[in-house]
$ cat data.cif   # mmCIF, C-alpha atoms
data_work
loop_
_atom_site.group_PDB
_atom_site.id
_atom_site.type_symbol
_atom_site.label_atom_id
_atom_site.label_comp_id
_atom_site.auth_asym_id
_atom_site.auth_seq_id
_atom_site.Cartn_x
_atom_site.Cartn_y
_atom_site.Cartn_z
ATOM 1 C CA MET I 290 23.592 46.878 -21.925
ATOM 2 C CA ARG I 291 24.037 43.353 -23.218
ATOM 3 C CA SER I 292 22.240 40.523 -21.546
ATOM 4 C CA ALA I 293 23.756 37.171 -20.750
ATOM 5 C CA PRO I 294 23.156 34.321 -23.188
ATOM 6 C CA LEU I 295 19.860 32.533 -22.745
ATOM 7 C CA SER I 296 21.592 29.411 -21.440
ATOM 8 C CA LYS I 297 23.040 31.382 -18.515
ATOM 9 C CA GLN I 298 19.846 33.365 -17.786
ATOM 10 C CA SER I 299 17.484 30.459 -17.694
ATOM 11 C CA THR I 300 16.993 28.027 -14.867
ATOM 12 C CA TYR I 301 15.484 25.668 -17.435
ATOM 13 C CA SER I 302 16.395 22.078 -16.822
ATOM 14 C CA ARG I 303 15.508 19.298 -19.239
ATOM 15 C CA GLY I 304 15.321 16.779 -16.423
ATOM 16 C CA ARG I 305 12.964 18.925 -14.383
ATOM 17 C CA THR I 306 10.771 19.686 -17.400
ATOM 18 C CA TYR I 307 10.602 16.004 -18.324
ATOM 19 C CA SER I 308 9.687 15.092 -14.741
ATOM 20 C CA LEU I 309 6.925 17.711 -14.555
ATOM 21 C CA THR I 310 5.568 16.648 -17.926
ATOM 22 C CA ARG I 311 5.577 13.005 -16.845
ATOM 23 C CA ILE I 312 3.705 13.878 -13.630
ATOM 24 C CA ALA I 313 1.147 15.878 -15.629
ATOM 25 C CA LEU I 314 0.579 13.032 -18.100
ATOM 26 C CA LEU I 315 0.354 10.391 -15.374
ATOM 27 C CA THR I 316 -2.066 12.590 -13.398
ATOM 28 C CA THR I 317 -4.220 12.848 -16.506
ATOM 29 C CA LEU I 318 -4.129 9.080 -17.006
ATOM 30 C CA VAL I 319 -5.081 8.354 -13.395
ATOM 31 C CA SER I 320 -7.780 11.036 -13.344
ATOM 32 C CA VAL I 321 -9.393 9.841 -16.561
ATOM 33 C CA GLY I 322 -9.297 6.281 -15.245
ATOM 34 C CA ARG I 323 -11.024 7.303 -12.027
ATOM 35 C CA LEU I 324 -13.667 9.413 -13.760
ATOM 36 C CA SER I 325 -14.334 6.749 -16.410
ATOM 37 C CA PHE I 326 -15.280 4.203 -13.760
ATOM 38 C CA SER I 327 -16.973 6.595 -11.333
ATOM 39 C CA PHE I 328 -20.329 4.945 -12.005
ATOM 40 C CA LEU I 329 -19.040 1.890 -10.094
ATOM 41 C CA PRO I 330 -18.583 2.600 -6.382
ATOM 42 C CA ASN I 331 -14.940 2.084 -5.336
ATOM 43 C CA VAL I 332 -14.071 0.069 -8.460
ATOM 44 C CA GLN I 333 -11.575 2.216 -10.330
ATOM 45 C CA PRO I 334 -8.052 1.759 -11.717
ATOM 46 C CA MET I 335 -6.707 4.689 -9.693
ATOM 47 C CA THR I 336 -5.127 2.718 -6.855
ATOM 48 C CA VAL I 337 -3.509 0.209 -9.224
ATOM 49 C CA LEU I 338 -2.088 2.930 -11.463
ATOM 50 C CA ILE I 339 -0.723 4.792 -8.426
ATOM 51 C CA VAL I 340 0.889 1.560 -7.203
ATOM 52 C CA CYS I 341 2.479 1.023 -10.634
ATOM 53 C CA ILE I 342 3.711 4.629 -10.743
ATOM 54 C CA THR I 343 5.146 4.340 -7.234
ATOM 55 C CA LEU I 344 6.882 1.056 -7.978
ATOM 56 C CA TYR I 345 8.415 2.292 -11.220
ATOM 57 C CA TYR I 346 9.037 6.012 -10.638
ATOM 58 C CA GLY I 347 9.289 6.168 -6.851
ATOM 59 C CA TRP I 348 7.237 7.424 -3.964
ATOM 60 C CA LYS I 349 7.651 11.119 -4.745
ATOM 61 C CA ASN I 350 6.109 10.749 -8.187
ATOM 62 C CA GLY I 351 3.439 8.422 -6.832
ATOM 63 C CA LEU I 352 2.532 10.898 -4.111
ATOM 64 C CA ALA I 353 2.450 13.862 -6.500
ATOM 65 C CA VAL I 354 0.242 12.028 -8.995
ATOM 66 C CA SER I 355 -2.115 10.727 -6.309
ATOM 67 C CA LEU I 356 -2.555 14.098 -4.614
ATOM 68 C CA LEU I 357 -3.131 15.913 -7.895
ATOM 69 C CA SER I 358 -5.497 13.217 -9.154
ATOM 70 C CA VAL I 359 -7.622 13.198 -6.000
ATOM 71 C CA ILE I 360 -7.977 16.981 -6.021
ATOM 72 C CA LEU I 361 -8.630 17.169 -9.766
ATOM 73 C CA THR I 362 -11.231 14.400 -9.836
ATOM 74 C CA ASN I 363 -12.939 15.638 -6.695
ATOM 75 C CA PHE I 364 -13.700 18.876 -8.533
ATOM 76 C CA TYR I 365 -15.981 16.705 -10.689
ATOM 77 C CA LEU I 366 -17.087 14.118 -8.141
ATOM 78 C CA GLY I 367 -17.472 16.439 -5.169
ATOM 79 C CA MET I 368 -15.223 18.028 -2.565
ATOM 80 C CA GLY I 369 -15.713 17.625 1.144
ATOM 81 C CA PRO I 370 -13.984 16.416 4.302
ATOM 82 C CA TRP I 371 -13.513 13.045 2.602
ATOM 83 C CA THR I 372 -10.974 14.694 0.269
ATOM 84 C CA ILE I 373 -8.555 15.080 3.179
ATOM 85 C CA ALA I 374 -9.184 11.461 4.147
ATOM 86 C CA GLN I 375 -8.527 10.324 0.558
ATOM 87 C CA LEU I 376 -5.270 12.286 0.408
ATOM 88 C CA MET I 377 -4.105 10.747 3.677
ATOM 89 C CA ALA I 378 -5.202 7.255 2.643
ATOM 90 C CA TYR I 379 -3.225 7.445 -0.597
ATOM 91 C CA ALA I 380 -0.197 8.725 1.315
ATOM 92 C CA VAL I 381 -0.376 5.603 3.522
ATOM 93 C CA LEU I 382 -0.788 3.300 0.497
ATOM 94 C CA ILE I 383 2.168 4.919 -1.255
ATOM 95 C CA GLY I 384 4.259 4.577 1.897
ATOM 96 C CA LEU I 385 3.583 0.834 1.985
ATOM 97 C CA THR I 386 4.163 0.462 -1.751
ATOM 98 C CA HIS I 387 7.465 2.310 -1.371
ATOM 99 C CA LEU I 388 8.706 -0.605 0.733
ATOM 100 C CA LEU I 389 8.520 -2.792 -2.404
ATOM 101 C CA GLU I 390 10.227 -0.379 -4.821
ATOM 102 C CA ASN I 391 13.571 -2.192 -4.874
ATOM 103 C CA SER I 392 12.211 -5.732 -4.986
ATOM 104 C CA TYR I 393 8.924 -5.640 -6.909
ATOM 105 C CA GLU I 394 10.428 -7.196 -10.049
ATOM 106 C CA SER I 395 11.277 -10.368 -8.124
ATOM 107 C CA ILE I 396 7.837 -10.668 -6.502
ATOM 108 C CA PRO I 397 5.389 -12.943 -8.358
ATOM 109 C CA THR I 398 2.377 -11.172 -9.862
ATOM 110 C CA PRO I 399 -0.191 -13.122 -7.768
ATOM 111 C CA VAL I 400 1.558 -11.939 -4.588
ATOM 112 C CA LEU I 401 1.411 -8.347 -5.849
ATOM 113 C CA GLN I 402 -2.285 -8.875 -6.614
ATOM 114 C CA VAL I 403 -2.883 -9.899 -3.002
ATOM 115 C CA PHE I 404 -0.944 -6.804 -1.948
ATOM 116 C CA VAL I 405 -3.113 -4.433 -4.013
ATOM 117 C CA GLY I 406 -6.218 -6.226 -2.739
ATOM 118 C CA PHE I 407 -5.017 -5.577 0.797
ATOM 119 C CA LEU I 408 -4.420 -1.915 -0.125
ATOM 120 C CA GLY I 409 -8.079 -1.648 -1.140
ATOM 121 C CA LEU I 410 -9.143 -2.823 2.312
ATOM 122 C CA LEU I 411 -6.575 -0.634 4.048
ATOM 123 C CA TYR I 412 -7.747 2.406 2.082
ATOM 124 C CA GLY I 413 -11.224 2.106 3.586
ATOM 125 C CA LEU I 414 -9.838 1.674 7.081
ATOM 126 C CA VAL I 415 -7.668 4.787 6.785
ATOM 127 C CA ILE I 416 -10.613 6.777 5.373
ATOM 128 C CA SER I 417 -12.710 5.735 8.389
ATOM 129 C CA LEU I 418 -9.929 6.508 10.870
ATOM 130 C CA VAL I 419 -9.327 9.975 9.432
ATOM 131 C CA GLN I 420 -13.035 10.798 9.396
ATOM 132 C CA ALA I 421 -13.721 9.406 12.897
ATOM 133 C CA PRO I 422 -12.780 12.663 14.675
ATOM 134 C CA PHE I 423 -15.314 14.517 12.492
ATOM 135 C CA PHE I 424 -18.181 12.100 13.212
ATOM 136 C CA GLY I 425 -17.176 10.904 16.650
ATOM 137 C CA TRP I 426 -15.188 7.884 17.784
ATOM 138 C CA ASN I 427 -18.318 6.376 19.323
ATOM 139 C CA ILE I 428 -19.683 5.578 15.858
ATOM 140 C CA PHE I 429 -16.361 4.487 14.307
ATOM 141 C CA ILE I 430 -17.172 0.745 14.331
ATOM 142 C CA PRO I 431 -20.645 1.073 12.750
ATOM 143 C CA TYR I 432 -19.285 3.623 10.256
ATOM 144 C CA TYR I 433 -16.402 1.361 9.248
ATOM 145 C CA LEU I 434 -18.572 -1.766 9.045
ATOM 146 C CA SER I 435 -21.179 0.021 6.903
ATOM 147 C CA GLY I 436 -18.473 0.803 4.331
ATOM 148 C CA LEU I 437 -16.804 -2.607 4.437
ATOM 149 C CA ILE I 438 -18.703 -3.894 1.377
ATOM 150 C CA TYR I 439 -17.295 -0.950 -0.609
ATOM 151 C CA ASP I 440 -13.805 -1.738 0.659
ATOM 152 C CA VAL I 441 -14.224 -5.335 -0.516
ATOM 153 C CA MET I 442 -15.349 -4.016 -3.915
ATOM 154 C CA HIS I 443 -12.279 -1.753 -3.971
ATOM 155 C CA ALA I 444 -10.026 -4.717 -3.148
ATOM 156 C CA GLY I 445 -11.641 -6.926 -5.799
ATOM 157 C CA GLY I 446 -11.422 -4.162 -8.390
ATOM 158 C CA ASN I 447 -7.754 -3.660 -7.547
ATOM 159 C CA VAL I 448 -7.011 -7.357 -8.070
ATOM 160 C CA ILE I 449 -8.759 -7.379 -11.467
ATOM 161 C CA PHE I 450 -7.300 -4.068 -12.652
ATOM 162 C CA PHE I 451 -3.832 -5.112 -11.500
ATOM 163 C CA ALA I 452 -3.954 -8.270 -13.607
ATOM 164 C CA MET I 453 -4.860 -6.197 -16.656
ATOM 165 C CA LEU I 454 -2.866 -3.005 -16.131
ATOM 166 C CA TYR I 455 0.348 -3.975 -14.336
ATOM 167 C CA PRO I 456 2.114 -5.640 -17.289
ATOM 168 C CA ILE I 457 0.958 -2.931 -19.702
ATOM 169 C CA ALA I 458 1.804 0.010 -17.428
ATOM 170 C CA MET I 459 5.266 -1.273 -16.583
ATOM 171 C CA ALA I 460 6.044 -1.988 -20.247
ATOM 172 C CA VAL I 461 4.850 1.492 -21.281
ATOM 173 C CA PHE I 462 6.827 3.187 -18.482
ATOM 174 C CA ASN I 463 9.950 1.217 -19.424
ATOM 175 C CA ARG I 464 9.575 1.956 -23.118
ATOM 176 C CA ALA I 465 8.951 5.662 -22.492
ATOM 177 C CA ASP I 466 12.089 5.894 -20.365
ATOM 178 C CA GLN I 467 14.193 4.030 -22.935
ATOM 179 C CA LYS I 468 12.908 6.218 -25.739
ATOM 180 C CA THR I 469 13.524 9.402 -23.758
ATOM 181 C CA SER I 470 17.029 8.426 -22.687
ATOM 182 C CA SER I 471 17.999 7.604 -26.264
ATOM 183 C CA THR I 472 16.682 10.888 -27.640
ATOM 184 C CA GLN I 473 19.411 13.350 -28.429
ATOM 185 C CA TRP I 474 18.627 16.814 -27.127
ATOM 186 C CA VAL I 475 19.609 19.579 -29.511
ATOM 187 C CA ASP I 476 20.222 23.100 -28.311
ATOM 188 C CA GLU I 477 18.668 25.578 -30.648
ATOM 189 C CA LEU I 478 20.819 28.488 -29.577
#

$ encode --input "data.cif" --output "structure tokens"
Amino acid sequence: MRSAPLSKQSTYSRGRTYSLTRIALLTTLVSVGRLSFSFLPNVQPMTVLIVCITLYYGWKNGLAVSLLSVILTNFYLGMGPWTIAQLMAYAVLIGLTHLLENSYESIPTPVLQVFVGFLGLLYGLVISLVQAPFFGWNIFIPYYLSGLIYDVMHAGGNVIFFAMLYPIAMAVFNRADQKTSSTQWVDEL
């Protein structure tokens, strides 16, 4: 019995493979960035890189990279109920960033820096809101206020990392896409 040619048997898709590879590489980049700066509380390039990924590649890629990065890095940094809060917080941040996807190129960089600073503060608020049912709503205000200094550090770190990484990340993403789209795929069979 003869089998069908490989091209008809396979569900292989170059676009899907490229997308999965891109998500894997971006997850690695974000995870290494987070782990490299883990000695500084809440000052890491993770949020800025996720914002850049979401702006350039869309919310689906941003969400996939953020979820994978949080889970992967929490294997090293520690898993707990805060992991769920982190996943939800990044989902909220990506949702807000998604609103800028079509217009981010026309927004001045200082305005985007204020935006990522705000995301750092919002991240802490969402973390506190998600964890409040676990610890009790009666201690929400003291819990949130006790972490506010870390949220301010997160916001400040985002502003600094954004100034450094945004132009580089967007140029690298653009160049990678141009190089990939100009590559001629050759079927070997």

$ resolve_selection --input "data.cif" --expression "the PyMOL selection byres ((chain I and resi 342) around 12)" --output "JSON, numbers by chain"
{"I": [311, 312, 314, 315, 316, 318, 319, 335, 336, 337, 338, 339, 340, 341, 343, 344, 345, 346, 347, 348, 349, 350, 351, 352, 353, 354, 355, 383, 386, 387, 390, 454, 455, 458, 459, 460, 461, 462, 463]}

$ resolve_selection --input "data.cif" --expression "the PyMOL selection byres ((chain I and resi 372) around 12)" --output "number ranges by chain"
I: 355-364, 366-371, 373-379, 416, 419-420

$ write_last_selection --input "data.cif" --atoms "C-alpha atoms" --output "short mmCIF file (atom, residue, chain, number, x, y, z; two decimals), in the coordinates of the input"
data_model
loop_
_atom_site.label_atom_id
_atom_site.label_comp_id
_atom_site.auth_asym_id
_atom_site.auth_seq_id
_atom_site.Cartn_x
_atom_site.Cartn_y
_atom_site.Cartn_z
CA SER I 355 -2.12 10.73 -6.31
CA LEU I 356 -2.56 14.10 -4.61
CA LEU I 357 -3.13 15.91 -7.90
CA SER I 358 -5.50 13.22 -9.15
CA VAL I 359 -7.62 13.20 -6.00
CA ILE I 360 -7.98 16.98 -6.02
CA LEU I 361 -8.63 17.17 -9.77
CA THR I 362 -11.23 14.40 -9.84
CA ASN I 363 -12.94 15.64 -6.70
CA PHE I 364 -13.70 18.88 -8.53
CA LEU I 366 -17.09 14.12 -8.14
CA GLY I 367 -17.47 16.44 -5.17
CA MET I 368 -15.22 18.03 -2.56
CA GLY I 369 -15.71 17.62 1.14
CA PRO I 370 -13.98 16.42 4.30
CA TRP I 371 -13.51 13.04 2.60
CA ILE I 373 -8.56 15.08 3.18
CA ALA I 374 -9.18 11.46 4.15
CA GLN I 375 -8.53 10.32 0.56
CA LEU I 376 -5.27 12.29 0.41
CA MET I 377 -4.11 10.75 3.68
CA ALA I 378 -5.20 7.26 2.64
CA TYR I 379 -3.22 7.44 -0.60
CA ILE I 416 -10.61 6.78 5.37
CA VAL I 419 -9.33 9.98 9.43
CA GLN I 420 -13.04 10.80 9.40
#

$ closest_residue --input "data.cif" --among "I:Pro422, I:Val381, I:Ile430, I:Asn447" --to "Val403 of chain I" --atoms "only C-alpha atoms"
I:Asn447

$ residues_around --input "data.cif" --residues "Gln402 of chain I" --least-positions-apart "2" --cutoff "10 Å" --atoms "all atoms listed in the file" --output "ChimeraX atom specification"
/I:337,397-400,404-408,444-445,447-452,455

$ write_last_selection --input "data.cif" --atoms "C-alpha atoms" --output "mmCIF file, in the frame of the given file"
data_model
loop_
_atom_site.group_PDB
_atom_site.id
_atom_site.type_symbol
_atom_site.label_atom_id
_atom_site.label_comp_id
_atom_site.auth_asym_id
_atom_site.auth_seq_id
_atom_site.Cartn_x
_atom_site.Cartn_y
_atom_site.Cartn_z
ATOM 1 C CA VAL I 337 -3.509 0.209 -9.224
ATOM 2 C CA PRO I 397 5.389 -12.943 -8.358
ATOM 3 C CA THR I 398 2.377 -11.172 -9.862
ATOM 4 C CA PRO I 399 -0.191 -13.122 -7.768
ATOM 5 C CA VAL I 400 1.558 -11.939 -4.588
ATOM 6 C CA PHE I 404 -0.944 -6.804 -1.948
ATOM 7 C CA VAL I 405 -3.113 -4.433 -4.013
ATOM 8 C CA GLY I 406 -6.218 -6.226 -2.739
ATOM 9 C CA PHE I 407 -5.017 -5.577 0.797
ATOM 10 C CA LEU I 408 -4.420 -1.915 -0.125
ATOM 11 C CA ALA I 444 -10.026 -4.717 -3.148
ATOM 12 C CA GLY I 445 -11.641 -6.926 -5.799
ATOM 13 C CA ASN I 447 -7.754 -3.660 -7.547
ATOM 14 C CA VAL I 448 -7.011 -7.357 -8.070
ATOM 15 C CA ILE I 449 -8.759 -7.379 -11.467
ATOM 16 C CA PHE I 450 -7.300 -4.068 -12.652
ATOM 17 C CA PHE I 451 -3.832 -5.112 -11.500
ATOM 18 C CA ALA I 452 -3.954 -8.270 -13.607
ATOM 19 C CA TYR I 455 0.348 -3.975 -14.336
#

$ atom_distance --input "data.cif" --atom1 "atom CA of Gly446 of chain I" --atom2 "atom CA of Gln333 of chain I"
6.7 Å

$ closest_residue --input "data.cif" --among "I:Ala465, I:Leu385, I:Tyr365, I:Arg305" --to "Arg323 of chain I" --atoms "all atoms listed in the file"
I:Tyr365

$ closest_residue --input "data.cif" --among "I:Ser325, I:Ser320, I:Asn331, I:Ser395" --to "Gly436 of chain I" --atoms "all atoms listed in the file"
I:Asn331

$ residues_around --input "data.cif" --residues "Asp440 of chain I" --least-positions-apart "6" --cutoff "9 Å" --atoms "all atoms listed in the file" --output "PDB file with C-alpha atoms, in the coordinates of the input"
ATOM      1  CA  ASN I 331     -14.940   2.084  -5.336  1.00  0.00           C
ATOM      2  CA  GLY I 409      -8.079  -1.648  -1.140  1.00  0.00           C
ATOM      3  CA  LEU I 410      -9.143  -2.823   2.312  1.00  0.00           C
ATOM      4  CA  LEU I 411      -6.575  -0.634   4.048  1.00  0.00           C
ATOM      5  CA  TYR I 412      -7.747   2.406   2.082  1.00  0.00           C
ATOM      6  CA  GLY I 413     -11.224   2.106   3.586  1.00  0.00           C
ATOM      7  CA  LEU I 414      -9.838   1.674   7.081  1.00  0.00           C
TER       8      LEU I 414
END

$ residues_around --input "data.cif" --residues "Pro330 of chain I" --least-positions-apart "4" --cutoff "9 Å" --atoms "all atoms listed in the file" --output "VMD selection string"
chain I and resid 326 439 442 to 443

$ atom_distance --input "data.cif" --atom1 "atom CA of Ile438 of chain I" --atom2 "atom CA of Ala421 of chain I"
18.3 Å

$ atom_distance --input "data.cif" --atom1 "atom CA of Pro334 of chain I" --atom2 "atom CA of Leu382 of chain I"
14.3 Å
